[in-house]
>>> print(open('protein-v5.cif').read())   # mmCIF, C-alpha atoms
data_run
loop_
_atom_site.group_PDB
_atom_site.id
_atom_site.type_symbol
_atom_site.label_atom_id
_atom_site.label_comp_id
_atom_site.auth_asym_id
_atom_site.auth_seq_id
_atom_site.Cartn_x
_atom_site.Cartn_y
_atom_site.Cartn_z
ATOM 1 C CA LEU E 1 5.894 -82.067 -38.510
ATOM 2 C CA TYR E 2 9.575 -82.425 -39.151
ATOM 3 C CA SER E 3 12.313 -81.596 -36.717
ATOM 4 C CA MET E 4 14.748 -79.135 -38.247
ATOM 5 C CA ASP E 5 17.348 -81.898 -38.665
ATOM 6 C CA GLN E 6 14.838 -84.104 -40.492
ATOM 7 C CA ALA E 7 13.779 -81.194 -42.682
ATOM 8 C CA LEU E 8 17.378 -80.374 -43.580
ATOM 9 C CA GLN E 9 18.035 -84.012 -44.518
ATOM 10 C CA TYR E 10 14.982 -84.032 -46.794
ATOM 11 C CA PHE E 11 15.903 -80.743 -48.441
ATOM 12 C CA LYS E 12 19.540 -81.804 -48.912
ATOM 13 C CA LYS E 13 18.266 -84.811 -50.875
ATOM 14 C CA ALA E 14 15.964 -82.554 -52.865
ATOM 15 C CA GLU E 15 18.879 -80.210 -53.575
ATOM 16 C CA LYS E 16 20.945 -83.094 -54.980
ATOM 17 C CA LEU E 17 18.077 -84.131 -57.245
ATOM 18 C CA ILE E 18 17.662 -80.557 -58.485
ATOM 19 C CA GLU E 19 21.390 -80.287 -59.200
ATOM 20 C CA ALA E 20 21.483 -83.666 -60.978
ATOM 21 C CA ASN E 21 18.565 -82.566 -63.172
ATOM 22 C CA GLU E 22 17.865 -86.097 -64.366
ATOM 23 C CA PHE E 23 14.120 -85.686 -64.685
ATOM 24 C CA GLU E 24 12.485 -87.351 -67.679
ATOM 25 C CA SER E 25 10.530 -84.240 -68.582
ATOM 26 C CA ASP E 26 9.978 -80.642 -67.566
ATOM 27 C CA GLU E 27 6.582 -81.716 -66.240
ATOM 28 C CA ASP E 28 8.252 -84.268 -63.920
ATOM 29 C CA PHE E 29 10.600 -81.555 -62.694
ATOM 30 C CA GLN E 30 7.718 -79.160 -62.006
ATOM 31 C CA ILE E 31 5.815 -81.864 -60.103
ATOM 32 C CA PHE E 32 8.933 -82.559 -58.045
ATOM 33 C CA ILE E 33 9.391 -78.856 -57.224
ATOM 34 C CA GLN E 34 5.728 -78.565 -56.265
ATOM 35 C CA ASN E 35 6.147 -81.533 -53.908
ATOM 36 C CA VAL E 36 9.244 -79.922 -52.391
ATOM 37 C CA PHE E 37 7.232 -76.774 -51.699
ATOM 38 C CA GLY E 38 4.556 -78.960 -50.112
ATOM 39 C CA GLU E 39 7.161 -80.337 -47.719
ATOM 40 C CA LEU E 40 8.423 -76.812 -47.038
ATOM 41 C CA GLU E 41 4.976 -75.781 -45.786
ATOM 42 C CA GLY E 42 5.316 -74.213 -42.343
ATOM 43 C CA LEU E 43 9.120 -74.317 -42.401
ATOM 44 C CA GLU E 44 9.733 -71.330 -44.664
ATOM 45 C CA TYR E 45 11.035 -68.974 -41.978
ATOM 46 C CA ARG E 46 13.025 -71.597 -40.097
ATOM 47 C CA MET E 47 14.689 -72.794 -43.309
ATOM 48 C CA SER E 48 15.485 -69.220 -44.282
ATOM 49 C CA CYS E 49 17.222 -68.562 -40.970
ATOM 50 C CA SER E 50 19.266 -71.761 -40.969
ATOM 51 C CA HIS E 51 22.755 -71.577 -42.471
ATOM 52 C CA ASP E 52 22.413 -74.841 -44.418
ATOM 53 C CA GLY E 53 18.705 -74.310 -44.974
ATOM 54 C CA SER E 54 19.148 -70.896 -46.556
ATOM 55 C CA VAL E 55 21.690 -72.232 -49.063
ATOM 56 C CA ILE E 56 19.373 -75.079 -50.040
ATOM 57 C CA LEU E 57 16.348 -72.797 -50.098
ATOM 58 C CA GLU E 58 18.127 -70.474 -52.510
ATOM 59 C CA LYS E 59 18.462 -73.345 -54.997
ATOM 60 C CA ILE E 60 14.853 -74.394 -54.519
ATOM 61 C CA LEU E 61 13.654 -70.828 -55.090
ATOM 62 C CA ARG E 62 15.711 -70.593 -58.285
ATOM 63 C CA ALA E 63 13.842 -73.635 -59.601
ATOM 64 C CA ALA E 64 10.425 -72.273 -58.599
ATOM 65 C CA ASN E 65 7.896 -70.781 -60.956
ATOM 66 C CA SER E 66 6.405 -67.332 -60.354
ATOM 67 C CA PHE E 67 3.339 -68.708 -58.556
ATOM 68 C CA GLN E 68 5.479 -70.754 -56.155
ATOM 69 C CA LEU E 69 7.635 -67.713 -55.450
ATOM 70 C CA ARG E 70 4.586 -65.555 -54.719
ATOM 71 C CA VAL E 71 3.217 -68.164 -52.326
ATOM 72 C CA PHE E 72 6.574 -68.536 -50.568
ATOM 73 C CA PHE E 73 7.068 -64.794 -50.085
ATOM 74 C CA GLU E 74 3.464 -64.376 -48.976
ATOM 75 C CA LYS E 75 4.129 -66.908 -46.209
ATOM 76 C CA VAL E 76 7.179 -65.029 -44.910
ATOM 77 C CA ARG E 77 5.923 -61.486 -45.447
ATOM 78 C CA ASN E 78 5.225 -60.917 -41.742
ATOM 79 C CA LYS E 79 8.804 -61.967 -40.978
ATOM 80 C CA TRP E 80 10.363 -59.938 -43.774
ATOM 81 C CA LEU E 81 11.940 -57.304 -41.511
ATOM 82 C CA ASP E 82 13.426 -59.985 -39.246
ATOM 83 C CA MET E 83 14.778 -61.786 -42.295
ATOM 84 C CA CYS E 84 16.411 -58.617 -43.625
ATOM 85 C CA PHE E 85 18.544 -58.412 -40.500
ATOM 86 C CA HIS E 86 19.134 -62.105 -39.982
ATOM 87 C CA ARG E 87 22.601 -63.422 -40.694
ATOM 88 C CA TYR E 88 21.479 -66.184 -43.094
ATOM 89 C CA ALA E 89 17.975 -65.317 -44.243
#
>>> encode(input="protein-v5.cif", output="structure tokens")
Amino acid sequence: LYSMDQALQYFKKAEKLIEANEFESDEDFQIFIQNVFGELEGLEYRMSCSHDGSVILEKILRAANSFQLRVFFEKVRNKWLDMCFHRYA
């Protein structure tokens, strides 16, 4: 498991790659996004509640397909009320 600092470093790099959008194909981009969600596994709530993490997560979620979004929101559904009142989530 990542520490939060390690996770943020990884996701900041992922964010830069998403913004650069220099993937050779849409398929490469989708594989990349799927891998990012694999790394996010278990960190969904913590990333959502982190100031930097929530900004990065917003960009990752924008790039996600509908299945990835459903999986993400399913993982945080028990924390939904907490997230609604959290400063950054």
>>> residues_around(input="protein-v5.cif", residues="Lys79 of chain E", least_positions_apart="2", cutoff="12 Å", atoms="all atoms listed in the file", output="ChimeraX atom specification")
/E:44-46,48-49,72-77,81-86,89
>>> residues_around(input="protein-v5.cif", residues="Tyr2 of chain E", least_positions_apart="4", cutoff="10 Å", atoms="only C-alpha atoms", output="JSON, numbers by chain")
{"E": [6, 7, 8, 10, 39, 40, 42, 43]}
>>> resolve_selection(input="protein-v5.cif", expression="the PyMOL selection byres ((chain E and resi 29) around 12)", output="short mmCIF file (atom, residue, chain, number, x, y, z; two decimals) with C-alpha atoms, in the frame of the given file")
data_model
loop_
_atom_site.label_atom_id
_atom_site.label_comp_id
_atom_site.auth_asym_id
_atom_site.auth_seq_id
_atom_site.Cartn_x
_atom_site.Cartn_y
_atom_site.Cartn_z
CA ALA E 14 15.96 -82.55 -52.86
CA LEU E 17 18.08 -84.13 -57.24
CA ILE E 18 17.66 -80.56 -58.48
CA GLU E 19 21.39 -80.29 -59.20
CA ALA E 20 21.48 -83.67 -60.98
CA ASN E 21 18.57 -82.57 -63.17
CA GLU E 22 17.86 -86.10 -64.37
CA PHE E 23 14.12 -85.69 -64.68
CA GLU E 24 12.48 -87.35 -67.68
CA SER E 25 10.53 -84.24 -68.58
CA ASP E 26 9.98 -80.64 -67.57
CA GLU E 27 6.58 -81.72 -66.24
CA ASP E 28 8.25 -84.27 -63.92
CA GLN E 30 7.72 -79.16 -62.01
CA ILE E 31 5.82 -81.86 -60.10
CA PHE E 32 8.93 -82.56 -58.04
CA ILE E 33 9.39 -78.86 -57.22
CA GLN E 34 5.73 -78.56 -56.26
CA ASN E 35 6.15 -81.53 -53.91
CA VAL E 36 9.24 -79.92 -52.39
CA ILE E 60 14.85 -74.39 -54.52
CA ALA E 63 13.84 -73.64 -59.60
CA ALA E 64 10.42 -72.27 -58.60
CA ASN E 65 7.90 -70.78 -60.96
#
>>> atom_distance(input="protein-v5.cif", atom1="atom CA of Phe11 of chain E", atom2="atom CA of Asn78 of chain E")
23.5 Å
>>> atom_distance(input="protein-v5.cif", atom1="atom CA of Arg87 of chain E", atom2="atom CA of Leu57 of chain E")
14.7 Å
>>> atom_distance(input="protein-v5.cif", atom1="atom CA of Met4 of chain E", atom2="atom CA of Gln68 of chain E")
21.8 Å
>>> closest_residue(input="protein-v5.cif", among="E:Asp52, E:Phe67, E:Tyr88, E:Trp80", to="Glu15 of chain E", atoms="all atoms listed in the file")
E:Asp52
>>> closest_residue(input="protein-v5.cif", among="E:Leu69, E:Lys12, E:His51, E:Asp5", to="Phe37 of chain E", atoms="only C-alpha atoms")
E:Leu69
>>> axis_aligned_box(input="protein-v5.cif", around="segment 35-42 of chain E", padding_each_side="3 Å", output="AutoDock Vina command-line options")
--center_x 6.9 --center_y -77.9 --center_z -48.1 --size_x 10.7 --size_y 13.3 --size_z 17.6
>>> closest_residue(input="protein-v5.cif", among="E:Ile56, E:Val71, E:Ser66, E:Gln9", to="Glu41 of chain E", atoms="all atoms listed in the file")
E:Val71
>>> decode(input="protein-v5.cif", residues="segment 53-66 of chain E", atoms="all heavy atoms", output="compact mmCIF listing (two decimals), in the first residue's frame")
# COMPACT_ATOMS: atom_id res chain seq x y z
N GLY E 53 -5.51 15.78 -3.66
CA GLY E 53 -6.07 14.54 -4.21
C GLY E 53 -7.42 14.75 -4.87
O GLY E 53 -7.70 14.18 -5.92
N SER E 54 -8.25 15.58 -4.28
CA SER E 54 -9.59 15.80 -4.85
C SER E 54 -9.52 16.52 -6.19
O SER E 54 -10.30 16.23 -7.11
CB SER E 54 -10.48 16.56 -3.87
OG SER E 54 -10.00 17.87 -3.65
N VAL E 55 -8.57 17.43 -6.34
CA VAL E 55 -8.40 18.14 -7.61
C VAL E 55 -7.94 17.16 -8.70
O VAL E 55 -8.46 17.16 -9.81
CB VAL E 55 -7.39 19.30 -7.45
CG1 VAL E 55 -7.04 19.92 -8.79
CG2 VAL E 55 -7.94 20.35 -6.50
N ILE E 56 -6.99 16.32 -8.35
CA ILE E 56 -6.48 15.33 -9.30
C ILE E 56 -7.58 14.31 -9.62
O ILE E 56 -7.79 13.95 -10.78
CB ILE E 56 -5.24 14.63 -8.73
CG1 ILE E 56 -4.10 15.63 -8.56
CG2 ILE E 56 -4.82 13.46 -9.61
CD1 ILE E 56 -2.94 15.11 -7.73
N LEU E 57 -8.27 13.87 -8.59
CA LEU E 57 -9.32 12.87 -8.77
C LEU E 57 -10.41 13.39 -9.70
O LEU E 57 -10.96 12.64 -10.51
CB LEU E 57 -9.89 12.49 -7.41
CG LEU E 57 -10.84 11.32 -7.35
CD1 LEU E 57 -10.21 10.06 -7.95
CD2 LEU E 57 -11.25 11.06 -5.92
N GLU E 58 -10.71 14.66 -9.60
CA GLU E 58 -11.72 15.25 -10.49
C GLU E 58 -11.32 15.07 -11.95
O GLU E 58 -12.14 14.73 -12.80
CB GLU E 58 -11.87 16.73 -10.16
CG GLU E 58 -12.95 17.43 -10.93
CD GLU E 58 -13.10 18.89 -10.53
OE1 GLU E 58 -12.80 19.24 -9.38
OE2 GLU E 58 -13.50 19.67 -11.41
N LYS E 59 -10.05 15.27 -12.26
CA LYS E 59 -9.57 15.11 -13.64
C LYS E 59 -9.59 13.65 -14.06
O LYS E 59 -9.93 13.34 -15.21
CB LYS E 59 -8.18 15.69 -13.78
CG LYS E 59 -8.19 17.21 -13.62
CD LYS E 59 -6.81 17.79 -13.64
CE LYS E 59 -6.90 19.29 -13.37
NZ LYS E 59 -5.60 19.91 -13.28
N ILE E 60 -9.25 12.77 -13.14
CA ILE E 60 -9.27 11.33 -13.45
C ILE E 60 -10.71 10.89 -13.72
O ILE E 60 -10.98 10.16 -14.67
CB ILE E 60 -8.63 10.52 -12.31
CG1 ILE E 60 -7.13 10.82 -12.22
CG2 ILE E 60 -8.88 9.02 -12.49
CD1 ILE E 60 -6.46 10.29 -10.97
N LEU E 61 -11.64 11.35 -12.89
CA LEU E 61 -13.04 10.97 -13.08
C LEU E 61 -13.61 11.50 -14.38
O LEU E 61 -14.44 10.86 -15.02
CB LEU E 61 -13.88 11.43 -11.88
CG LEU E 61 -13.59 10.72 -10.56
CD1 LEU E 61 -14.39 11.36 -9.43
CD2 LEU E 61 -13.87 9.24 -10.65
N ARG E 62 -13.16 12.67 -14.81
CA ARG E 62 -13.61 13.21 -16.10
C ARG E 62 -13.18 12.33 -17.26
O ARG E 62 -13.85 12.26 -18.28
CB ARG E 62 -13.07 14.61 -16.31
CG ARG E 62 -13.93 15.66 -15.71
CD ARG E 62 -13.55 17.03 -16.25
NE ARG E 62 -13.59 17.94 -15.12
CZ ARG E 62 -12.63 18.79 -14.81
NH1 ARG E 62 -11.54 18.88 -15.51
NH2 ARG E 62 -12.76 19.56 -13.77
N ALA E 63 -12.03 11.67 -17.10
CA ALA E 63 -11.50 10.81 -18.16
C ALA E 63 -12.07 9.40 -18.11
O ALA E 63 -11.88 8.62 -19.04
CB ALA E 63 -9.97 10.75 -18.06
N ALA E 64 -12.79 9.08 -17.05
CA ALA E 64 -13.29 7.72 -16.84
C ALA E 64 -14.49 7.42 -17.74
O ALA E 64 -15.24 8.31 -18.12
CB ALA E 64 -13.69 7.54 -15.38
N ASN E 65 -14.65 6.14 -18.02
CA ASN E 65 -15.86 5.71 -18.73
C ASN E 65 -16.96 5.43 -17.71
O ASN E 65 -16.73 5.48 -16.49
CB ASN E 65 -15.58 4.52 -19.65
CG ASN E 65 -15.13 3.28 -18.92
OD1 ASN E 65 -15.58 2.98 -17.82
ND2 ASN E 65 -14.21 2.53 -19.53
N SER E 66 -18.15 5.14 -18.17
CA SER E 66 -19.29 4.97 -17.26
C SER E 66 -19.08 3.80 -16.31
O SER E 66 -19.47 3.87 -15.13
CB SER E 66 -20.59 4.82 -18.03
OG SER E 66 -20.53 3.70 -18.88
